[in-house]
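To keep things clear, I will list the structure first and then write my remarks on it.
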Amino acid sequence: MRQGFFKKGAFLEMTLVLVLLAALVACAPSAVKPAVFPTTQPTAVAPGYEVGVLVPGSYGAGFNGLDFDSQDNLYVGGVSGYTIYKVTIEDGQVQLAECVGPPEGQSDDLAFGPDGGLYWTSYLDGVLRCKIGDEIKVLAEGLLFINAVGFNDEGRLFVTQSVLADALWEMDPKGVEEPRLIAKDIGAPNAFDFGPDGKLYTPLYHGGAVVRIDVNTGEIETVADGFEIPVAVNFDSKGNLYVLDNFTGEFFQIDTESGEKKLIVQLVPTLDNFAFNSRDELFVSSMDRGGVYRVDTKTGEVETWVEANLTSPGGITVAGETVYVADTYSLRQVDGNTGEVRTLGILDIDGLNYPLCVSVKGDSAFVSSFFMGLIQEFDLKSQQVVRTFTGFVAPYDMLQLDDGSILVAELGKGRLIRVSGDEGENREVVADGLGGPMGLAFAGKNKVYVTETVTGDVSRVDVSTGEKEVLVSGLQMPKGIAVEADGKILVIETGLHRLIEIDPESGAILPLVEDLAVGVQLAKILPATGTMNGVAVSDSGAIYVSGEAERVLYKITHK
């Protein structure tokens with residue numbers, strides 16, 4: 001799991017590298033066919049409507065940890081995907097089979113123990129779990145932002161807390177003894193491995209270095225430094241140490257005695273972790289692309305095994321027939337006619353910090369992150385974050401107003417707030433006492449529609465007076481909201497996995513589409529309302545809906 005730091009060094013160079021290496025990924029010869037996700041087809045239930053899949057679903061909701069079992073089978077997991085998969089090749093095509101499903105499958109890192117069991121860390125829940133046979137067991141709880149996991153040759157089990165925490169612990173593989181703290185506040189130790197000398201080698205996410213730690217004494221020694229964001233280290237079967245730099249995409253071999261770094265292959269930035277199989281073949285994972293790749297370290301060729309079109313789509317907006325998607329690890333643009341996906345900005349590289357809702361007006365895109373409690377302005381021309389406003393409690397949808405201010409649905413405080421000023425320092429409460437405000441849409445002069453997700457209401461609020469009128473109540477978790485050309489209101493009723501149309505005058509409800517892939521339960525520390533399920537209407541009248549459960553974008557049209 002990564003935090004979006006605003007590192008700008010060598011931005012132009014990294015952009016060029018990203019473009020060139022993306023082409024490499026696309027064009028490299030592949031010995032296997034990438035995995036194909038079985039996208040579910042929703043059902044149009046209202047006469048005159050058709051629903052299509054504009055952007056097909058994907059396995060990759062952002063992959064993090066990966067490891068091989070004793071039979072060289074690959075297992076991969078992810079924090080936002082809540083699923084651990086077993087990856088195999090059948091008839092030349094990559095196949096993914098669910099090993100551990102939601103919600104237990106939330107996994108930042110995973111490792112196989114000497115008992116053959118699978119051990120993994122649930123970053124957002126702070127839980128260490130294992131699966132031996134068919135039994136899943138909780139070994140430890142309360143370690144928020146638990147990150148990496150691994151065993152040494154003696155069968156001792158270790159974990160780290162990283163990125164938003166900073167510690168190294170020894171754990172009891174039986175889950176009986178209390179964890180033993182080895183070190184803390186050392187720079188956020190991430191994915192580690194043990195060397196031939198028996199010491200633990202780990203990258204320091206915040207320290208830009210690789211260190212070795214004596215797990216008995218806690219003594220720490222720097223092995224190599226000068227990295228941007230080192231995220232993972234591993235030894236191959238010959239005892240050679242390698243490190244992956246998340247920010248630059250560089251994959252280095254390190255001399256453990258001298259600290260000398262040798263660039264082995266230049267990869268695309270924002271890769272998250274890597275592992276070697278018994279033949280020392282390199283496999284890497286990606287969060288923002290939801291990918292797993294096999295890399296030839298001699299030629300630099302990249303073979304795609306799994307890759308997502310969208311990873312964790314939340315809120316959406318539309319300009320013309322262009323759909324903008326807040327995709328958690330990226331801000332993306334989708335052609336409403338062809339379904340072509342283009343990445344505008346990436347977590348870490350462009351300063352984005354987990355975008356989960358988006359509002360676009362002209363060349364300005366505002367994105368919010370309920371996870372980080374902030375709102376950012378992203379310039380669509382320069383494709384960089386230009387302003388960041390902090391101090392919100394679970395902000396969701398936004399509307400850009402004509403006076404340059406933005407209206408924010410702040411779910412955590414049950415209110416609508418108007419934000420203005422060069423640094424977003426002016427904050428005026430427009431309406432409060434709302435039941436979980438989440439989605440916003442214009443409702444005419446000085447009025448907006450808001451979905452109150454907790455109470456199940458759709459209301460109309462006068463932004464001048466704060467007066468609220470409930471139009472519909474009793475819905476099951478209404479989230480995204482939009483308005484059609486004839487004034488009818490569209491709402492994603494996540495609890496029933498459907499899109500409904502509401503008459504704002506009578507309150508009559510007409511179901512339009514059912515069986516939408518929406519409504520993933522999030523981790524315990526996140527709002528129970530979950531992520532945004534977005535809906536937007538284009539100039540042509542096409543309706544677009546995001547479905548985070550299958551990482552899909554739907555297009556709904558009139559026959």
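Lettering and numbering for the structure tokens are positional, with chains as A, B, ... in the shown order, residues counted from 1 in each chain, and ligands counted from 1 in the shown order.
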message: Residues near Val341 of chain A, anyone? I mean within 12 Å using only C-alpha atoms, not counting same-chain ones fewer than 5 positions away, as number ranges by chain.
response: A: 54-56, 289, 308-311, 322-325, 327, 330-336, 552-553
task: Do a neighbour search on Gly435 of chain A at 7 Å with only C-alpha atoms, toss out local chain neighbours closer than 2 positions, and write the hits as a ChimeraX atom specification.
output: /A:414,433,437,452-455
query: Within 8 Å of Asp245 of chain A, counting only C-alpha atoms, which residues qualify if same-chain residues fewer than 3 places away don't, as a ChimeraX atom specification?
result: /A:227-232,248-251,269,271
message: Using DSSP assignments from the backbone, pull out every residue in segment 57-195 of chain A that falls under strand (DSSP E or B) and give it to me as a PyMOL selection string.
response: chain A and resi 66-68+74-78+84-90+93-100+106+109-112+118-122+127-132+135-140+146-151+157-161+167-171+180-184+189+191+193-194
Helix (DSSP H, G or I) call set, DSSP backbone run, segment 413-511 of chain A, as a PDB file with N, CA and C atoms, in the first residue's frame:
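Output below, filename part_39.pdb:
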ATOM      1  N   LYS A 413     -18.975  14.319   8.396  1.00  0.00           N
ATOM      2  CA  LYS A 413     -19.590  15.311   9.277  1.00  0.00           C
ATOM      3  C   LYS A 413     -21.052  15.569   8.922  1.00  0.00           C
ATOM      4  N   THR A 494     -27.141   1.215  -4.524  1.00  0.00           N
ATOM      5  CA  THR A 494     -26.111   0.189  -4.378  1.00  0.00           C
ATOM      6  C   THR A 494     -26.609  -1.031  -3.615  1.00  0.00           C
ATOM      7  N   GLY A 495     -27.425  -0.815  -2.604  1.00  0.00           N
ATOM      8  CA  GLY A 495     -27.908  -1.931  -1.803  1.00  0.00           C
ATOM      9  C   GLY A 495     -28.710  -2.948  -2.583  1.00  0.00           C
ATOM     10  N   LEU A 496     -29.319  -2.505  -3.685  1.00  0.00           N
ATOM     11  CA  LEU A 496     -30.085  -3.414  -4.546  1.00  0.00           C
ATOM     12  C   LEU A 496     -29.407  -3.621  -5.895  1.00  0.00           C
TER      13      LEU A 496
END
- prompt: So what do you get for atom CA of Trp169 of chain A versus atom CA of Gly113 of chain A, distance-wise?
  reply: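 About the pair atom CA of Trp169 of chain A and atom CA of Gly113 of chain A: they are 16.4 Å apart.
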